[in-house]
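Here is the file work-v1.cif (mmCIF, C-alpha atoms).
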data_query
loop_
_atom_site.label_atom_id
_atom_site.label_comp_id
_atom_site.auth_asym_id
_atom_site.auth_seq_id
_atom_site.Cartn_x
_atom_site.Cartn_y
_atom_site.Cartn_z
CA MET M 1 -82.74 33.02 -26.59
CA LEU M 2 -79.45 31.14 -26.73
CA THR M 3 -78.32 30.33 -30.24
CA GLU M 4 -75.25 28.43 -31.25
CA ASP M 5 -73.75 28.59 -34.70
CA ARG M 6 -71.45 26.05 -36.28
CA THR M 7 -68.40 27.85 -34.99
CA GLY M 8 -69.58 27.19 -31.46
CA ALA M 9 -69.72 30.89 -30.73
CA SER M 10 -72.67 31.92 -28.64
CA THR M 11 -74.57 34.79 -30.22
CA ALA M 12 -76.96 35.41 -27.35
CA PRO M 13 -76.57 38.85 -25.75
CA ARG M 14 -76.07 38.89 -21.99
CA PRO M 15 -79.38 39.60 -20.20
CA TRP M 16 -78.18 42.79 -18.50
CA ALA M 17 -76.59 44.12 -21.72
CA SER M 18 -79.77 43.27 -23.60
CA PHE M 19 -81.91 45.13 -21.05
CA CYS M 20 -79.63 48.19 -21.14
CA SER M 21 -79.48 48.12 -24.92
CA ARG M 22 -83.27 47.96 -25.16
CA TRP M 23 -84.37 50.36 -22.46
CA SER M 24 -81.55 52.82 -21.68
CA VAL M 25 -82.52 55.48 -24.26
CA PRO M 26 -86.31 55.30 -23.60
CA ILE M 27 -85.60 55.60 -19.85
CA ILE M 28 -83.27 58.57 -20.47
CA CYS M 29 -85.97 60.19 -22.63
CA LEU M 30 -88.52 59.62 -19.84
CA LEU M 31 -86.18 61.09 -17.20
CA ALA M 32 -85.33 64.06 -19.44
CA ALA M 33 -89.04 64.69 -20.04
CA GLY M 34 -89.67 64.68 -16.28
CA GLY M 35 -86.65 66.92 -15.71
CA TYR M 36 -87.77 69.46 -18.31
CA LEU M 37 -91.29 69.49 -16.91
CA GLY M 38 -90.02 69.93 -13.36
CA VAL M 39 -87.56 72.72 -14.20
CA PHE M 40 -90.02 74.68 -16.33
CA ALA M 41 -92.84 74.16 -13.81
CA ALA M 42 -90.59 75.48 -11.03
CA ARG M 43 -90.05 78.61 -13.13
CA GLY M 44 -93.80 78.95 -13.69
CA LYS M 45 -93.63 77.98 -17.37
CA VAL M 46 -95.79 74.86 -17.31
CA TRP M 47 -96.70 74.99 -21.02
CA ASP M 48 -93.06 75.26 -22.05
CA GLY M 49 -92.37 72.29 -19.79
CA LEU M 50 -95.19 70.27 -21.35
CA ALA M 51 -93.96 71.12 -24.85
CA THR M 52 -90.33 70.15 -24.23
CA SER M 53 -91.22 67.02 -22.29
CA GLY M 54 -93.65 66.10 -25.09
CA ILE M 55 -90.81 66.39 -27.60
CA MET M 56 -88.63 64.09 -25.49
CA LEU M 57 -91.44 61.57 -24.99
CA GLY M 58 -92.26 61.68 -28.71
CA TYR M 59 -88.61 61.11 -29.62
CA GLY M 60 -88.39 58.14 -27.26
CA THR M 61 -91.67 56.69 -28.53
CA VAL M 62 -90.64 56.97 -32.20
CA LEU M 63 -87.34 55.22 -31.47
CA LEU M 64 -89.14 52.51 -29.51
CA LEU M 65 -91.68 51.90 -32.29
CA PHE M 66 -89.29 51.94 -35.26
CA ARG M 67 -86.10 50.39 -33.92
CA ARG M 68 -86.90 47.00 -35.45
CA ARG M 69 -87.73 48.44 -38.87
CA SER M 70 -85.12 51.17 -39.18
CA GLU M 71 -81.41 50.80 -38.57
CA ILE M 72 -81.16 54.52 -37.83
CA ALA M 73 -83.79 54.20 -35.10
CA ALA M 74 -82.04 51.08 -33.80
CA VAL M 75 -78.69 52.87 -33.45
CA LEU M 76 -80.31 55.99 -31.97
CA SER M 77 -82.29 53.89 -29.49
CA GLY M 78 -79.08 52.33 -28.20
CA HIS M 79 -79.63 48.89 -29.78
CA ARG M 80 -76.02 48.44 -30.80
CA THR M 81 -75.30 44.77 -30.19
CA ASP M 82 -74.19 44.42 -33.81
CA GLU M 83 -70.52 45.27 -34.58
CA ARG M 84 -71.40 47.40 -37.61
CA ARG M 85 -73.92 49.40 -35.59
CA GLN M 86 -71.24 49.96 -32.95
CA GLN M 87 -68.95 51.26 -35.69
CA ILE M 88 -71.72 53.52 -37.04
CA ASN M 89 -72.25 54.88 -33.52
CA LEU M 90 -68.51 55.51 -33.04
CA ARG M 91 -68.21 57.33 -36.36
CA ALA M 92 -71.32 59.40 -35.65
CA CYS M 93 -69.93 60.32 -32.21
CA THR M 94 -66.59 61.31 -33.76
CA PHE M 95 -68.31 63.41 -36.40
CA SER M 96 -70.50 65.07 -33.79
CA MET M 97 -67.54 65.78 -31.49
CA ASN M 98 -65.57 67.29 -34.39
CA VAL M 99 -68.46 69.62 -35.20
CA ILE M 100 -68.76 70.63 -31.53
CA ALA M 101 -64.99 71.25 -31.33
CA VAL M 102 -65.01 73.49 -34.41
CA VAL M 103 -68.05 75.45 -33.19
CA ALA M 104 -66.66 75.82 -29.64
CA LEU M 105 -63.24 76.96 -30.88
CA ALA M 106 -64.77 79.42 -33.36
CA ALA M 107 -67.10 80.83 -30.70
CA ALA M 108 -64.28 81.07 -28.14
CA PHE M 109 -62.03 82.95 -30.61
CA ALA M 110 -64.95 85.21 -31.59
CA ASP M 111 -65.52 86.05 -27.91
CA LEU M 112 -61.79 86.76 -27.42
CA ALA M 113 -61.73 88.98 -30.52
CA ARG M 114 -64.63 90.98 -29.09
CA GLY M 115 -62.69 91.46 -25.87
CA ARG M 116 -64.97 89.18 -23.84
CA ASP M 117 -64.26 86.21 -21.62
CA THR M 118 -64.64 82.90 -23.49
CA GLY M 119 -67.08 81.71 -20.79
CA ALA M 120 -68.84 78.41 -21.46
CA TRP M 121 -67.11 77.98 -24.85
CA GLY M 122 -63.71 78.04 -23.13
CA VAL M 123 -64.86 75.42 -20.63
CA ILE M 124 -66.11 73.19 -23.47
CA CYS M 125 -62.75 73.57 -25.28
CA VAL M 126 -60.73 72.74 -22.15
CA VAL M 127 -62.93 69.77 -21.16
CA GLY M 128 -63.06 68.48 -24.74
CA GLY M 129 -59.33 68.80 -25.31
CA GLY M 130 -58.49 67.35 -21.90
CA SER M 131 -60.80 64.38 -22.26
CA TYR M 132 -59.42 63.68 -25.75
CA LEU M 133 -55.85 63.71 -24.45
CA ALA M 134 -56.84 61.43 -21.57
CA GLY M 135 -58.69 59.12 -23.98
CA VAL M 136 -55.69 58.83 -26.31
CA ALA M 137 -53.39 58.09 -23.36
CA ILE M 138 -55.72 55.48 -21.83
CA TYR M 139 -56.62 53.68 -25.04
CA SER M 140 -53.00 53.72 -26.25
CA VAL M 141 -52.07 51.71 -23.19
CA ARG M 142 -55.15 49.45 -23.14
CA ALA M 143 -55.68 48.77 -26.84
CA MET N 1 -64.08 43.90 -50.02
CA LEU N 2 -65.31 41.48 -52.67
CA ASN N 3 -66.75 38.27 -51.26
CA ASP N 4 -68.90 35.25 -52.02
CA VAL N 5 -71.27 35.61 -49.08
CA ARG N 6 -74.35 36.22 -51.23
CA GLU N 7 -73.66 33.18 -53.42
CA LEU N 8 -72.92 30.95 -50.44
CA ARG N 9 -76.00 32.18 -48.58
CA THR N 10 -78.41 31.70 -51.48
CA ALA N 11 -76.91 28.28 -52.19
CA LYS N 12 -77.91 27.32 -48.66
CA GLY N 13 -81.39 28.79 -49.16
CA LEU N 14 -80.89 31.27 -46.34
CA SER N 15 -82.29 34.79 -46.10
CA GLN N 16 -80.13 37.71 -44.97
CA GLN N 17 -82.25 37.85 -41.81
CA GLY N 18 -81.70 34.15 -41.15
CA LEU N 19 -77.95 34.32 -41.65
CA GLY N 20 -77.76 37.46 -39.52
CA GLU N 21 -79.66 35.79 -36.68
CA THR N 22 -77.42 32.75 -36.86
CA LEU N 23 -74.28 34.86 -36.66
CA GLY N 24 -75.64 37.40 -34.18
CA VAL N 25 -75.64 40.41 -36.49
CA SER N 26 -78.38 42.43 -38.17
CA ARG N 27 -79.88 41.85 -41.62
CA GLN N 28 -78.47 45.21 -42.69
CA THR N 29 -74.96 44.10 -41.72
CA ILE N 30 -75.23 40.96 -43.87
CA ASN N 31 -76.49 43.12 -46.74
CA ALA N 32 -73.62 45.60 -46.29
CA ILE N 33 -71.06 42.77 -46.27
CA GLU N 34 -72.54 41.22 -49.41
CA GLN N 35 -72.42 44.54 -51.23
CA GLY N 36 -68.83 45.16 -50.12
CA ARG N 37 -69.80 48.30 -48.20
CA TYR N 38 -68.67 46.89 -44.87
CA ASP N 39 -65.62 44.79 -44.08
CA PRO N 40 -66.45 42.55 -41.12
CA SER N 41 -64.18 42.21 -38.12
CA LEU N 42 -61.81 39.24 -38.12
CA PRO N 43 -63.95 37.25 -35.62
CA LEU N 44 -67.09 37.78 -37.74
CA ALA N 45 -65.23 36.93 -40.96
CA ILE N 46 -63.99 33.71 -39.38
CA ARG N 47 -67.49 32.86 -38.12
CA LEU N 48 -68.93 33.50 -41.57
CA ALA N 49 -66.29 31.37 -43.28
CA ARG N 50 -66.65 28.52 -40.79
CA TYR N 51 -70.41 28.62 -41.10
CA PHE N 52 -70.06 27.94 -44.83
CA GLY N 53 -67.31 25.37 -44.25
CA LYS N 54 -64.66 27.46 -45.97
CA THR N 55 -61.59 29.48 -45.08
CA VAL N 56 -61.67 33.27 -44.81
CA GLU N 57 -59.56 33.56 -47.98
CA GLU N 58 -62.07 31.45 -49.89
CA VAL N 59 -64.95 33.72 -48.86
CA PHE N 60 -63.27 37.14 -48.94
CA HIS N 61 -61.09 38.34 -51.79
CA ALA N 62 -58.63 41.11 -51.05
CA ASP N 63 -57.75 41.67 -54.73
#
Please express the file's structure as structure tokens.
Amino acid sequence: MLTEDRTGASTAPRPWASFCSRWSVPIICLLAAGGYLGVFAARGKVWDGLATSGIMLGYGTVLLLFRRRSEIAAVLSGHRTDERRQQINLRACTFSMNVIAVVALAAAFADLARGRDTGAWGVICVVGGGSYLAGVAIYSVRA
Amino acid sequence: MLNDVRELRTAKGLSQQGLGETLGVSRQTINAIEQGRYDPSLPLAIRLARYFGKTVEEVFHAD
């Protein structure tokens, strides 16, 4: 619905953005559930597949049902048309990435100390560090 | 940041939900602004002030 406040600024979300905001996370949950079921079924572990896909479907359903009542569910379900919710999402992503960086670095150093290859932890550190450097460079120019 | 949003809103007989819908933000965002927990972006601050027929400085108080 198009609304117009006294400032003349339109507050109506664009239809495509509104659709993505509303359905992207439930669709991802549905696809992930199908993926889990398919992968586990291919390995002959149908019950494990049903359990993991059930968790994904349950998560998506809870977000879908509670996103109007709970701000947490709204942000988690991708409904971030509001500027404060976008800021909450950015801060949560930053916090999460910091935790992942600390864990990946600690695990990589632990593997090195044991005389092993850093393996997947090393890849995560390189990709994380590289993407951060690229992000700083790009947003420094664009912002 | 301290502000007069709650007073201005109640004087108009508006709910947080109503004001949020008018400005295109959530009820929780209006509540957070009123309580000083969230400082709105400049565009939203200007929209809020214009909605109440005031300047940004009259609605938001830096000191």
With only C-alpha atoms counted, which protein, DNA or RNA residues have an atom no more than 12 Å from (-57.7, 40.5, -51.8) in the file frame? Please answer as a PyMOL selection string.
chain N and resi 1-3+39+56-63
Based on the selection just made, write C-alpha atoms of those residues as a CSV table (one decimal), in the coordinates of the input.
chain,number,residue,atom,x,y,z
N,1,MET,CA,-64.1,43.9,-50.0
N,2,LEU,CA,-65.3,41.5,-52.7
N,3,ASN,CA,-66.8,38.3,-51.3
N,39,ASP,CA,-65.6,44.8,-44.1
N,56,VAL,CA,-61.7,33.3,-44.8
N,57,GLU,CA,-59.6,33.6,-48.0
N,58,GLU,CA,-62.1,31.4,-49.9
N,59,VAL,CA,-65.0,33.7,-48.9
N,60,PHE,CA,-63.3,37.1,-48.9
N,61,HIS,CA,-61.1,38.3,-51.8
N,62,ALA,CA,-58.6,41.1,-51.0
N,63,ASP,CA,-57.8,41.7,-54.7
State, in Å with one decimal place, the distance from CA of Phe66 (chain M) to CA of Glu34 (chain N).
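For CA of Phe66 (chain M) relative to CA of Glu34 (chain N), the distance reads 24.4 Å.
Residues of chain N lying within 6 Å of chain M, counting all atoms listed in the file, are Thr22, Gly24, Val25, Arg47 and Tyr51 of chain N.
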Name every residue that the PyMOL selection byres ((chain M and resi 99-113) around 12) selects in this structure, writing the answer as a list in words with chains first and numbers rising.
Ala92, Cys93, Thr94, Phe95, Ser96, Met97, Asn98, Arg114, Gly115, Arg116, Asp117, Thr118, Gly119, Ala120, Trp121, Gly122, Val123, Ile124, Cys125, Val126, Val127, Gly128, Gly129 and Tyr132 of chain M
Just so the selection is clear, what residues does the PyMOL selection byres ((chain M and resi 60) around 9) cover here, as a PDB file with C-alpha atoms, in the coordinates of the input?
ATOM      1  CA  VAL M  25     -82.520  55.480 -24.260  1.00  0.00           C
ATOM      2  CA  PRO M  26     -86.310  55.300 -23.600  1.00  0.00           C
ATOM      3  CA  ILE M  27     -85.600  55.600 -19.850  1.00  0.00           C
ATOM      4  CA  ILE M  28     -83.270  58.570 -20.470  1.00  0.00           C
ATOM      5  CA  CYS M  29     -85.970  60.190 -22.630  1.00  0.00           C
ATOM      6  CA  LEU M  30     -88.520  59.620 -19.840  1.00  0.00           C
ATOM      7  CA  ILE M  55     -90.810  66.390 -27.600  1.00  0.00           C
ATOM      8  CA  MET M  56     -88.630  64.090 -25.490  1.00  0.00           C
ATOM      9  CA  LEU M  57     -91.440  61.570 -24.990  1.00  0.00           C
ATOM     10  CA  GLY M  58     -92.260  61.680 -28.710  1.00  0.00           C
ATOM     11  CA  TYR M  59     -88.610  61.110 -29.620  1.00  0.00           C
ATOM     12  CA  THR M  61     -91.670  56.690 -28.530  1.00  0.00           C
ATOM     13  CA  VAL M  62     -90.640  56.970 -32.200  1.00  0.00           C
ATOM     14  CA  LEU M  63     -87.340  55.220 -31.470  1.00  0.00           C
ATOM     15  CA  LEU M  64     -89.140  52.510 -29.510  1.00  0.00           C
ATOM     16  CA  LEU M  65     -91.680  51.900 -32.290  1.00  0.00           C
ATOM     17  CA  SER M  77     -82.290  53.890 -29.490  1.00  0.00           C
TER      18      SER M  77
END
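Straight-line separation from CA of Ser131 (chain M) to CA of Ala17 (chain M): 25.7 Å.
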Just how far from CA of Ala32 (chain M) is CA of Leu50 (chain M), in Å to one decimal?
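Answer for the CA of Leu50 (chain M) to CA of Ala32 (chain M) separation: 11.8 Å.
Of the residues under consideration (N:Gln35, N:Ile46, N:Glu21, N:Arg27), N:Gln35 shows the shortest atom-to-atom contact distance to Glu7 (chain N) when counting all atoms listed in the file.
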10 Å contact set for Tyr38 (chain N), all atoms listed in the file, chain neighbours under 5 positions out, as a list of chain:residue names:
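Result of the neighbour search: M:Arg84, N:Met1, N:Thr29, N:Ile30, N:Asn31, N:Ala32, N:Ile33.
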Which residues come within 8 Å of Tyr36 (chain M), counting all atoms listed in the file, excluding same-chain residues fewer than 2 positions away, as a PDB file with C-alpha atoms, in the frame of the given file?
ATOM      1  CA  ALA M  32     -85.330  64.060 -19.440  1.00  0.00           C
ATOM      2  CA  ALA M  33     -89.040  64.690 -20.040  1.00  0.00           C
ATOM      3  CA  GLY M  34     -89.670  64.680 -16.280  1.00  0.00           C
ATOM      4  CA  GLY M  38     -90.020  69.930 -13.360  1.00  0.00           C
ATOM      5  CA  VAL M  39     -87.560  72.720 -14.200  1.00  0.00           C
ATOM      6  CA  PHE M  40     -90.020  74.680 -16.330  1.00  0.00           C
ATOM      7  CA  GLY M  49     -92.370  72.290 -19.790  1.00  0.00           C
ATOM      8  CA  THR M  52     -90.330  70.150 -24.230  1.00  0.00           C
ATOM      9  CA  SER M  53     -91.220  67.020 -22.290  1.00  0.00           C
TER      10      SER M  53
END
I need the residue nearest Trp23 (chain M) from this list: M:Ala74, M:Leu37, M:Ala51, M:Ile138. Use all atoms listed in the file for the distance.
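Among M:Ala74, M:Leu37, M:Ala51, M:Ile138, it is M:Ala74 that comes nearest to Trp23 (chain M).
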